[in-house]
Amino acid sequence: MAANEDVYVYDFAEGNKEMADLLGGKGANLAEMTNLGLPVPPGFTITTEACRAYLTTGREPDGLREQVDTHLVALEQARGKRLGDAADPLLVSVRSGARYSMPGMMETVLNVGLNDESVAGLAAQAGGDERFAWDSYRRLIQMFGKTVCEVPGEEFEHALDEAKAARGTDNDLDLDAADLRALVDDYKKIFAKHTGREFPQNAREQMDLAIRAVFESWNADRAVLYRRQERIPADLGTAVNVVAMVFGNLGPDSGTGVAFTRDPASGTQGIYGDYLANAQGEDVVAGIRNTIPLQELERLDKKSYDELLGIMATLEGHYRDLCDIEFTIEQGKLWMLQTRVGKRTAAAAFIIAGQLVDEGLIDLDEAARRVTGAQLGQLMFPRFDLAGKPKPLAKGVGASPGAAVGKVVFDAERAVELAKEGEAVILVRRETNPDDLPGMIAAQGILTSRGGKTSHAAVVARGMGKTCVCGADTLDVDARGKKFTVDGTAIGEGEVISIDGTTGRVYVGEVPVRPSEVVRYFEGEVSPEQGDADPLVSAVHRIMSHADAARRLRVRTNADTGRDAARARRFGAEGIGLCRTEHMFLGDRRELVERLILARTDGERQEALDALLPLQRADFVEIFEAMDGLPVTVRLIDPPLHEFLPPLEELAVSVAVAHERGEDAAKAEALLAAVRRMHEQNPMLGLRGVRLGLVIPGLFAMQVRAIAEAAAECARRGGNPRPEIMVPLVGAVQELETVRGEAERIIAEAGAGEVSIGTMIEVPRAALTSGQIAEAAEFFSFGTNDLTQMAWGFSRDDVEGAFFWRYIELGIFGISPFESLDRDGVGRLVRIAVDEGRAARPDLKLGVCGEHGGDPESVHFFHEVGLDYVSCSPFRVPIARLEAGRAAIETAAASDSR
């Protein structure tokens with residue numbers, strides 16, 4: 001190799017687990033196991049750089065073929081066999097392996113190198129076992145055809161079903177060598193029909209085409225969809241691993257399996273996994289045959305079982321985490337095919353992190369890094385309330401916890417269709433495959449009749465936090481007939497079922513739910529210190545306490561009532577960052593606001609204000625008492641006018657109908673004229689916020705007086721109210737100065753003590769002139785919902801359903817900018833406001849009160865730019881607390897590493 005030539009291929013012995021960006025997760029971990037001296041079949045990895053170059057240019061990068069040649073020769077020498085040799089063939093697997101685990105989303109081809117001649121040589125290698133050789137050949141044609149040449153997989157499946165039916169069995173192990181030889185002929189005809197060519201007989205051509213197919217699978221629809229779901233960057237590419245085949249389908253003393261060093265569903269320590277005798281690896285993860293528990297391997301092959309347990313202990317100690325392991329036993333010889341840090345449920349993530357701290361493998365900082373706010377959010381969802389003792393219809397394997405209720409559907413397309421209509425659905429399949437991913441995302445839960453905790457359905461569901469029950473083998477699933485049957489009970493499409501991903505139970509109808517133990521802990525109903533405390537609650541408490549001690553960001557809540565404020569305080573809120581006063585004017589008070597807005601005289605206006613003042617004051621007393629001693633930021637009224645006025649069209653119809661009937665329409669006509677006078681084409685950009693307060697005399701003054709008088713009253717009662725007044729929609733410092741002057745006078749008159757006055761940064765101009773505005777503001781609170789709308793130039797209410805789905809589908813958005821902050825655009829406005837605001841006023845307090853304040857990724861950004869607090873809905877307060885702690889821990893770790 002020339003000195004300046006790019007290196008695209010690495011032998012397993014040349015890599016390690018720190019090279020995952022280059023070698024992909026699978027290749028890096030195969031290299032790590034090789035260097036640990038574990039029994040890994042020899043092989044080599046083609047790098048992600050080669051994949052990116054191929055996808056960019058449409059051809060292999062210069063030098064790749066020659067490097068593959070060199071490593072293939074070394075592999076042939078290591079195995080003592082040659083690829084394509086008819087008498088003694090080397091077979092290889094060609095497997096994808098991205099930086100981040102994407103189970104089942106990209107391609108794998110096994111038994112590459114077999115052809116019409118070498119199938120006899122393979123049989124000779126296996127001591128004359130022709131059945132094994134023809135079984136391996138039919139698998140190659142099936143996988144190669146579907147993966148490399150896009151032959152419909154169901155055609156191969158139908159041919160296999162027909163072969164089993166002719167034999168009078170439903171088990172492919174009952175097919176003999178003659179059956180499988182005939183099946184190979186059928187598969188080759190299917191291949192030729194769909195591709196227009198014979199199945200390739202050249203072994204090197206097979207390998208090259210398989211490598212290209214793996215590269216191209218990075219941009220397959222299901223891989224793209226999975227990356228968007230999991231927020232995996234689209235520009236990473238996948239590595240390709242070429243590995244010498246070892247065979248689990250060589251008879252009863254061979255097999256394949258998947259193991260976890262701890263239960264990925266509950267975190268419990270023990271022996272967890274699935275094993276399938278006389279099978280290849282894809283049979284286990286595809287769930288096409290029900291496996292046996294890993295413990296059964298001790299009875300079948302104690303030597304391999306004991307060796308496997310020793311390797312599992314080694315790997316968990318080395319990786320300091322739960323490991324997911326794939327292995328094959330070839331005639332009593334154990335081979336390790338893969339390991340990775342295993343996907344786990346949200347509950348298992350917290351429990352395992354706590355266990356590893358206790359075992360001294362990690363510290364609490366690392367424990368906090370290994371859990372996420374999204375996982376904590378999953379743990380706060382309700383669970384089934386079984387007090388009524390509902391009778392389960394069936395029971396399977398609880399593969400991914402949760403309580404899911406929905407209408408039964410039997411295909412991914414229907415699941416997506418109903419979900420778009422707002423229906424909750426449960427996707428029911430015999431087993432899932434990667435093509436089912438859109439339906440799995442759309443469904444509330446997944447139920448399969450085959451497979452176990454390591455099946456495709458289980459692994460993908462756990463990664464997405466979806467409820468999943470697998471291996472409910474009493475279910476006879478008829479996808480074509482759109483029904484499933486259990487002991488004579490038929491459940492058709494559209495009927496409601498409930499599935500419990502913890503116990504594996506399936507119920508007919510809707511089972512009621514109860515609060516989760518984690519929510520009860522946050523509510524103070526469950527103590528984590530009790531001796532019999534739930535291990536999950538104890539783990540959550542321990543990690544949350546550490547995150548709270550580590551975080552710099554304070555966490556407030558968005559609350560408009562005393563009840564919401566009290567609940568948020570129990571959840572750990574350290575004040576209110578947004579009290580929306582317009583929500584206090586709904587219901588019975590709406591008429592008063594309507595009268596205020598439409599008033600034509602000073603007297604009418606003052607009458608409405610006088611009626612509103614005591615109501616507002618009582619609202620604030622309730623909230624200040626609930627948050628006694630903590631800051632409460634009250635936003636002055638900020639409604640688009642149309643929210644408080646009768647709809648123009650309805651009024652016009654009422655007037656017309658009154659005229660038609662000869663009724664007195666004078667009052668309705670006067671109201672219609674007033675509404676027409678105030679009507680706006682675009683209310684979100686109209687007379688609202690500070691503009692409304694300046695145009696309607698006395699409105700803001702009434703609110704400020706209510707706040708100040710409520711604070712004074714609470715103080716007289718011995719409380720410690722800490723009100724902050726926020727002026728909304730400011731775009732120019734002069735607007736804020738005008739409101740501030742009157743507010744300070746009213747506060748002094750009421751004897752309310754110290755009350756901070758600041759503004760909401762939600763207009764792009766406010767961010768760009770923040771240095772000026774900071775001279776009149778004691779705090780900024782970023783209203784990122786409106787700031788996002790105005791920065792992008794679209795209305796949230798209109799566009800999310802109209803075209804966001806298409807933008808996400810096209811990759812323009814990785815995720816809605818209303819869900820996670822747009823760092824490049826909106827985030828830049830925030831940075832400008834922070835920098836220029838603090839330059840003008842160094843003690844300026846900075847927070848955020850849009851729902852981005854509870855989004856895990858956005859919280860990290862707010863920590864990074866130096867905000868003082870985030871504010872979010874009460875339910876998301878614990879999530880924000882955890883993520884604020886994780887952000888501080890990660891920042892400290894990055895600083896220490898420099």
# chains A, B, ... in the order shown; residues from 1 in each chain; ligands from 1
>>> closest_atom_pairs(of="region 223-325 of chain A", to="region 7-15 of chain A", cutoff="12 Å", atoms="only C-alpha atoms", output="JSON lines")
{"residue": "A:Ala239", "atom": "CA", "partner": "A:Val9", "partner_atom": "CA", "distance": 9.7}
{"residue": "A:Val240", "atom": "CA", "partner": "A:Val9", "partner_atom": "CA", "distance": 9.4}
{"residue": "A:Asn241", "atom": "CA", "partner": "A:Phe12", "partner_atom": "CA", "distance": 9.3}
{"residue": "A:Val242", "atom": "CA", "partner": "A:Asp11", "partner_atom": "CA", "distance": 9.7}
{"residue": "A:Val243", "atom": "CA", "partner": "A:Phe12", "partner_atom": "CA", "distance": 9.5}
{"residue": "A:Ala244", "atom": "CA", "partner": "A:Phe12", "partner_atom": "CA", "distance": 11.7}
>>> select_by_dssp(residues="region 477-707 of chain A", states="alpha helix (DSSP H)", output="ChimeraX atom specification")
/A:517-522,535-550,562-570,590-598,602-626,648-661,666-678,690-695,699-707
>>> closest_residue(among="A:Thr169, A:Gln331, A:Thr70, A:Gln142", to="Ile190 (chain A)", atoms="only C-alpha atoms")
A:Gln142
>>> residues_around(residues="Arg881 (chain A)", least_positions_apart="5", cutoff="8 Å", atoms="only C-alpha atoms", output="ChimeraX atom specification")
/A:544,547-548,551,554-555,572
>>> closest_residue(among="A:Lys482, A:Arg570, A:Arg82, A:Arg676", to="Leu598 (chain A)", atoms="only C-alpha atoms")
A:Arg676
>>> closest_residue(among="A:Val112, A:Cys323, A:Leu308, A:Leu64", to="Arg138 (chain A)", atoms="only C-alpha atoms")
A:Val112
>>> atom_distance(atom1="CA of Pro200 (chain A)", atom2="CA of Gly84 (chain A)")
11.7 Å
>>> atom_distance(atom1="CA of Gly377 (chain A)", atom2="CA of Asp855 (chain A)")
10.5 Å
>>> select_by_dssp(residues="region 216-385 of chain A", states="strand (DSSP E)", output="PyMOL selection string")
chain A and resi 238-244+255-262+269-277+292-293+323-330+333-341+383-384
>>> residues_around(residues="Val184 (chain A)", least_positions_apart="2", cutoff="8 Å", atoms="only C-alpha atoms", output="VMD selection string")
chain A and resid 134 137 to 138 141 180 to 182 186 to 188
>>> atom_distance(atom1="CA of Arg841 (chain A)", atom2="CA of Phe779 (chain A)")
9.5 Å
>>> residues_around(residues="Cys872 (chain A)", least_positions_apart="5", cutoff="9 Å", atoms="only C-alpha atoms", output="list in words")
Val555, Arg556, Thr557, Asn558, Ala559, Ile576, Gly577, Leu578, Val848, Cys849, Gly850, Glu851, His852, Gly853, Gly854, Asp855, Val877 and Ala880 of chain A
>>> closest_residue(among="A:Arg204, A:His659, A:Arg589, A:Arg262", to="Gly113 (chain A)", atoms="only C-alpha atoms")
A:Arg204
>>> residues_around(residues="Gly237 (chain A)", least_positions_apart="4", cutoff="6 Å", atoms="only C-alpha atoms", output="list in words")
Thr48, Cys51 and Arg52 of chain A
>>> write_last_selection(atoms="all heavy atoms", output="short mmCIF file (atom, residue, chain, number, x, y, z; two decimals), in the first residue's frame")
data_model
loop_
_atom_site.label_atom_id
_atom_site.label_comp_id
_atom_site.auth_asym_id
_atom_site.auth_seq_id
_atom_site.Cartn_x
_atom_site.Cartn_y
_atom_site.Cartn_z
N THR A 48 -16.30 3.12 7.59
CA THR A 48 -17.38 4.05 7.27
C THR A 48 -16.93 5.09 6.25
O THR A 48 -17.75 5.61 5.49
CB THR A 48 -17.87 4.77 8.55
OG1 THR A 48 -16.77 5.44 9.18
CG2 THR A 48 -18.48 3.79 9.53
N CYS A 51 -17.66 3.77 2.91
CA CYS A 51 -19.10 3.87 2.64
C CYS A 51 -19.47 5.28 2.21
O CYS A 51 -20.18 5.49 1.22
CB CYS A 51 -19.90 3.46 3.88
SG CYS A 51 -21.68 3.68 3.73
N ARG A 52 -18.99 6.27 2.95
CA ARG A 52 -19.32 7.66 2.61
C ARG A 52 -18.81 8.02 1.22
O ARG A 52 -19.48 8.71 0.45
CB ARG A 52 -18.77 8.62 3.67
CG ARG A 52 -19.48 8.52 5.01
CD ARG A 52 -19.13 9.68 5.91
NE ARG A 52 -17.73 9.69 6.31
CZ ARG A 52 -17.26 9.08 7.39
NH1 ARG A 52 -18.09 8.40 8.18
NH2 ARG A 52 -15.98 9.13 7.70
#
>>> residues_around(residues="region 217-232 of chain A", least_positions_apart="6", cutoff="6 Å", atoms="only C-alpha atoms", output="CSV table (one decimal) with N, CA, C and O atoms, in the first residue's frame")
chain,number,residue,atom,x,y,z
A,105,MET,N,-32.0,-2.7,10.7
A,105,MET,CA,-32.3,-1.7,9.7
A,105,MET,C,-31.5,-1.7,8.4
A,105,MET,O,-31.8,-1.2,7.4
A,106,MET,N,-30.3,-2.4,8.5
A,106,MET,CA,-29.4,-2.5,7.3
A,106,MET,C,-29.2,-4.0,7.0
A,106,MET,O,-29.8,-4.8,7.7
A,814,GLY,N,-34.9,17.1,11.0
A,814,GLY,CA,-34.7,15.9,11.7
A,814,GLY,C,-35.8,15.6,12.7
A,814,GLY,O,-36.2,14.5,13.0
>>> closest_residue(among="A:Ala767, A:Ile497, A:Ala750, A:Val92", to="Glu713 (chain A)", atoms="only C-alpha atoms")
A:Ala750
